[in-house]
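Please read the structure below before turning to the comments.
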Amino acid sequence: MVLSPMRYKNYIWPHNPRVYSIDYERKMALHKTPFGLYQLQDLGLSNRVMEGEGEFVGEGAYGQFGQLANVFYNSGPGLLIHPLWQVSSAYFVSLRLEQEPRPDYVRYSFTFWEDNSGWSGLANQDTGLAQGGGGLEDGGASSGAVYHRVVKGDTLWDLARKYGVSLPELVALNPQIKNPNLIRVGEEVRVR
């Protein structure tokens with residue numbers, strides 16, 4: 001099975017990191033009651049923490065690490081798309097160089113924290129039906145929604161470029177798509 005590359009904001013890993021981990025945690029409160037008893041209260045899920053390790057190998061390895069470091073320096077959350085995990089808005093909180101870099105080999109580790117703020121940075125705006133878009137279908141005159149029926153070879157990345165929307169906007173318009181790396185032929189994707 002060939003996995004699609006991991007992506008964050010505008011960075012695409014040339015090959016996926018070697019090790020991944022994801023931590024799920026539920027916050028609980030303990031309330032003591034008389035006679036040594038207690039009651040548990042479920043406070044809900046906390047943010048997921050996604051960590052990994054990898055290496056860049058070959059000519060330009062240190063340059064690849066530099067590109068990843070530049071993405072780390074950009075503030076704010078971004079869309080983290082992992083080949084297996086559910087897509088999430090996340091903060092890039094840690095990037096660590098694990099050994100003295102060489103021009104042809106860099107070993108690194110990273111940490112992302114899921115952003116639970118509800119995607120507040122993504123603005124959705126219905127702009128009406130695009131003209132002459134090929135593959136577009138009117139989702140209803142009152143809604144102004146525009147859809148594309150997926151054909152073999154389509155990817156969300158290509159559809160975003162084709163219809164002039166950002167990938168985060170396209171993902172936000174299609175909450176039914178749990179993994180942007182996996183869309184099926186015949187599926188309808190909202191593009192506006």
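By order in the structure tokens, chains are A, B, ...; within a chain, residues start at 1; ligands start at 1, following the order shown.
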
Where does DSSP see helix (DSSP H, G or I) in stretch 10-189 of chain A, if you list the residues as a PyMOL selection string?
chain A and resi 34-36+61-73+156-163+167-173

For the interface of stretch 59-82 of chain A with stretch 2-7 of chain A (cut-off 8 Å, counting only C-alpha atoms), please tabulate each contacting residue of stretch 59-82 of chain A alongside its nearest pair of atoms and their separation in Å to one decimal, rows sorted by chain and increasing number, as JSON lines.
{"residue": "A:Leu79", "atom": "CA", "partner": "A:Arg7", "partner_atom": "CA", "distance": 7.9}
{"residue": "A:Leu80", "atom": "CA", "partner": "A:Arg7", "partner_atom": "CA", "distance": 5.9}
{"residue": "A:Ile81", "atom": "CA", "partner": "A:Arg7", "partner_atom": "CA", "distance": 5.1}
{"residue": "A:His82", "atom": "CA", "partner": "A:Met6", "partner_atom": "CA", "distance": 4.7}

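Within the 12 Å cut-off around A:Ile22, using only C-alpha atoms and omitting residues fewer than 5 positions from it on the same chain, the listed residues are Asn47, Arg48, Val49, Met50, Glu51, Gly52, His82, Leu84, Trp85, Gln86, Phe110, Thr111, Phe112, Trp113 and Glu114 of chain A.
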
File of the preceding selection, N, CA and C atoms, as a PDB file, in the first residue's frame:
ATOM      1  N   ASN A  47      -7.075  18.189  23.675  1.00  0.00           N
ATOM      2  CA  ASN A  47      -6.480  18.213  22.332  1.00  0.00           C
ATOM      3  C   ASN A  47      -5.631  16.975  22.090  1.00  0.00           C
ATOM      4  N   ARG A  48      -5.609  16.538  20.839  1.00  0.00           N
ATOM      5  CA  ARG A  48      -4.738  15.427  20.468  1.00  0.00           C
ATOM      6  C   ARG A  48      -3.321  15.975  20.290  1.00  0.00           C
ATOM      7  N   VAL A  49      -2.351  15.148  20.632  1.00  0.00           N
ATOM      8  CA  VAL A  49      -0.947  15.502  20.440  1.00  0.00           C
ATOM      9  C   VAL A  49      -0.377  14.500  19.443  1.00  0.00           C
ATOM     10  N   MET A  50       0.156  15.027  18.332  1.00  0.00           N
ATOM     11  CA  MET A  50       0.678  14.193  17.256  1.00  0.00           C
ATOM     12  C   MET A  50       2.182  14.410  17.158  1.00  0.00           C
ATOM     13  N   GLU A  51       2.929  13.333  17.302  1.00  0.00           N
ATOM     14  CA  GLU A  51       4.388  13.420  17.291  1.00  0.00           C
ATOM     15  C   GLU A  51       4.961  12.437  16.278  1.00  0.00           C
ATOM     16  N   GLY A  52       6.192  12.686  15.889  1.00  0.00           N
ATOM     17  CA  GLY A  52       6.835  11.777  14.957  1.00  0.00           C
ATOM     18  C   GLY A  52       8.315  12.054  14.830  1.00  0.00           C
ATOM     19  N   HIS A  82      -2.408  13.951   7.458  1.00  0.00           N
ATOM     20  CA  HIS A  82      -1.576  12.771   7.629  1.00  0.00           C
ATOM     21  C   HIS A  82      -2.178  11.662   6.779  1.00  0.00           C
ATOM     22  N   LEU A  84      -2.899   8.689   7.377  1.00  0.00           N
ATOM     23  CA  LEU A  84      -3.803   7.778   8.080  1.00  0.00           C
ATOM     24  C   LEU A  84      -4.690   8.466   9.113  1.00  0.00           C
ATOM     25  N   TRP A  85      -4.209   9.518   9.752  1.00  0.00           N
ATOM     26  CA  TRP A  85      -4.983  10.185  10.793  1.00  0.00           C
ATOM     27  C   TRP A  85      -6.085  11.026  10.188  1.00  0.00           C
ATOM     28  N   GLN A  86      -7.068  11.358  11.022  1.00  0.00           N
ATOM     29  CA  GLN A  86      -8.104  12.291  10.610  1.00  0.00           C
ATOM     30  C   GLN A  86      -7.461  13.669  10.469  1.00  0.00           C
ATOM     31  N   PHE A 110       9.202  15.994  15.577  1.00  0.00           N
ATOM     32  CA  PHE A 110       8.237  17.089  15.555  1.00  0.00           C
ATOM     33  C   PHE A 110       7.066  16.779  16.480  1.00  0.00           C
ATOM     34  N   THR A 111       6.331  17.834  16.846  1.00  0.00           N
ATOM     35  CA  THR A 111       5.112  17.712  17.636  1.00  0.00           C
ATOM     36  C   THR A 111       4.084  18.709  17.122  1.00  0.00           C
ATOM     37  N   PHE A 112       2.858  18.240  16.951  1.00  0.00           N
ATOM     38  CA  PHE A 112       1.717  19.087  16.611  1.00  0.00           C
ATOM     39  C   PHE A 112       0.674  18.948  17.704  1.00  0.00           C
ATOM     40  N   TRP A 113       0.002  20.033  18.036  1.00  0.00           N
ATOM     41  CA  TRP A 113      -1.125  20.006  18.968  1.00  0.00           C
ATOM     42  C   TRP A 113      -2.368  20.386  18.186  1.00  0.00           C
ATOM     43  N   GLU A 114      -3.410  19.601  18.356  1.00  0.00           N
ATOM     44  CA  GLU A 114      -4.663  19.882  17.683  1.00  0.00           C
ATOM     45  C   GLU A 114      -5.255  21.195  18.200  1.00  0.00           C
TER      46      GLU A 114
END

May I have a table of the residues of stretch 52-87 of chain A lying at most 7 Å from stretch 97-106 of chain A, giving each one's closest pair of atoms and their distance in Å to one decimal, counting only C-alpha atoms, ordered by chain and ascending residue number, as CSV?
residue,atom,partner,partner_atom,distance
A:Glu55,CA,A:Val106,CA,5.4
A:Phe56,CA,A:Val106,CA,5.2
A:Val57,CA,A:Tyr105,CA,4.6
A:Gly58,CA,A:Asp104,CA,4.5
A:Glu59,CA,A:Asp104,CA,5.1
A:Gly60,CA,A:Asp104,CA,6.3
A:Ala61,CA,A:Asp104,CA,5.1
A:Tyr62,CA,A:Pro103,CA,5.4

Exercise: A:Asn10 partners within 12 Å, only C-alpha atoms, chain neighbours under 5 positions left out, as a ChimeraX atom specification:
/A:67-68,70-72,74,78-81,157,166-168

Could the residues in this selection be saved with C-alpha atoms as an mmCIF file, in the first residue's frame?
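Final output, selection.cif:
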data_model
loop_
_atom_site.group_PDB
_atom_site.id
_atom_site.type_symbol
_atom_site.label_atom_id
_atom_site.label_comp_id
_atom_site.auth_asym_id
_atom_site.auth_seq_id
_atom_site.Cartn_x
_atom_site.Cartn_y
_atom_site.Cartn_z
ATOM 1 C CA GLN A 67 12.028 24.415 4.478
ATOM 2 C CA LEU A 68 10.283 22.546 7.293
ATOM 3 C CA ASN A 70 10.455 27.912 7.866
ATOM 4 C CA VAL A 71 6.954 26.430 8.134
ATOM 5 C CA PHE A 72 7.512 26.003 11.892
ATOM 6 C CA ASN A 74 4.894 30.684 10.640
ATOM 7 C CA GLY A 78 -2.670 25.094 9.871
ATOM 8 C CA LEU A 79 -4.242 22.088 8.272
ATOM 9 C CA LEU A 80 -2.322 18.894 9.162
ATOM 10 C CA ILE A 81 -3.038 16.104 6.714
ATOM 11 C CA TRP A 157 -5.567 19.548 -4.114
ATOM 12 C CA SER A 166 -7.766 27.206 -0.720
ATOM 13 C CA LEU A 167 -7.510 23.630 0.500
ATOM 14 C CA PRO A 168 -8.650 24.564 4.051
#

DSSP-assigned strand (DSSP E or B) among chain A, expressed as a short mmCIF file (atom, residue, chain, number, x, y, z; two decimals) with C-alpha atoms, in the first residue's frame:
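Listing of out-v6.cif after writing:
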data_model
loop_
_atom_site.label_atom_id
_atom_site.label_comp_id
_atom_site.auth_asym_id
_atom_site.auth_seq_id
_atom_site.Cartn_x
_atom_site.Cartn_y
_atom_site.Cartn_z
CA ARG A 7 1.24 17.79 4.57
CA TYR A 8 1.11 20.83 6.82
CA TYR A 11 4.78 22.01 3.15
CA ILE A 12 4.64 18.49 1.68
CA VAL A 19 7.69 7.07 13.32
CA TYR A 20 4.28 8.47 14.30
CA SER A 21 2.38 8.64 17.53
CA ILE A 22 -0.90 10.24 18.47
CA ASP A 23 -2.10 10.77 22.04
CA ARG A 26 -10.02 12.51 28.23
CA LYS A 27 -9.98 14.95 31.14
CA MET A 28 -11.61 13.61 34.28
CA ALA A 29 -12.35 15.20 37.66
CA LEU A 30 -12.45 13.25 40.91
CA HIS A 31 -14.91 14.40 43.58
CA LYS A 32 -14.51 12.81 46.99
CA THR A 33 -17.64 12.05 48.96
CA LEU A 37 -16.29 7.12 48.20
CA TYR A 38 -15.80 9.23 45.11
CA GLN A 39 -17.56 10.32 41.97
CA LEU A 40 -15.96 10.79 38.56
CA GLN A 41 -16.90 13.61 36.23
CA ASP A 42 -16.12 13.48 32.51
CA LEU A 43 -14.77 16.90 31.45
CA GLY A 44 -14.46 15.90 27.81
CA LEU A 45 -11.70 15.24 25.36
CA VAL A 49 -0.95 15.50 20.44
CA MET A 50 0.68 14.19 17.26
CA GLU A 51 4.39 13.42 17.29
CA GLY A 52 6.84 11.78 14.96
CA GLU A 53 10.40 11.27 13.83
CA GLY A 54 11.92 11.16 10.42
CA GLU A 55 14.94 11.86 8.33
CA PHE A 56 15.80 13.64 5.14
CA VAL A 57 18.36 11.70 3.12
CA GLY A 78 -2.67 25.09 9.87
CA LEU A 79 -4.24 22.09 8.27
CA LEU A 80 -2.32 18.89 9.16
CA ILE A 81 -3.04 16.10 6.71
CA SER A 88 -7.06 18.42 11.89
CA SER A 89 -6.30 22.06 12.37
CA ALA A 90 -3.09 22.02 14.41
CA TYR A 91 -0.28 24.12 15.79
CA PHE A 92 3.31 23.15 14.96
CA VAL A 93 4.67 23.34 18.52
CA SER A 94 8.04 21.59 18.30
CA LEU A 95 10.70 20.81 15.72
CA ARG A 96 13.92 19.24 16.94
CA LEU A 97 17.13 18.45 15.11
CA ARG A 102 25.10 16.81 7.43
CA TYR A 105 21.37 13.40 6.19
CA VAL A 106 19.20 15.14 8.79
CA ARG A 107 17.29 13.32 11.54
CA TYR A 108 14.48 15.30 13.18
CA SER A 109 11.42 15.01 15.40
CA PHE A 110 8.24 17.09 15.56
CA THR A 111 5.11 17.71 17.64
CA PHE A 112 1.72 19.09 16.61
CA TRP A 113 -1.13 20.01 18.97
CA GLU A 114 -4.66 19.88 17.68
CA LEU A 136 -19.96 21.95 -11.97
CA GLU A 137 -23.49 21.33 -10.88
CA ASP A 138 -25.85 23.84 -9.34
CA VAL A 146 -21.48 24.57 -6.54
CA TYR A 147 -20.48 20.90 -6.71
CA HIS A 148 -17.96 18.85 -8.68
CA ARG A 149 -18.54 15.15 -9.37
CA GLU A 188 -19.90 15.09 -5.05
CA VAL A 189 -17.50 17.67 -3.63
CA ARG A 190 -18.76 21.14 -2.83
#

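Closest to A:Ile177 among A:Ser75, A:Leu156, A:Ala69, A:Arg161 is A:Leu156, based on only C-alpha atoms.
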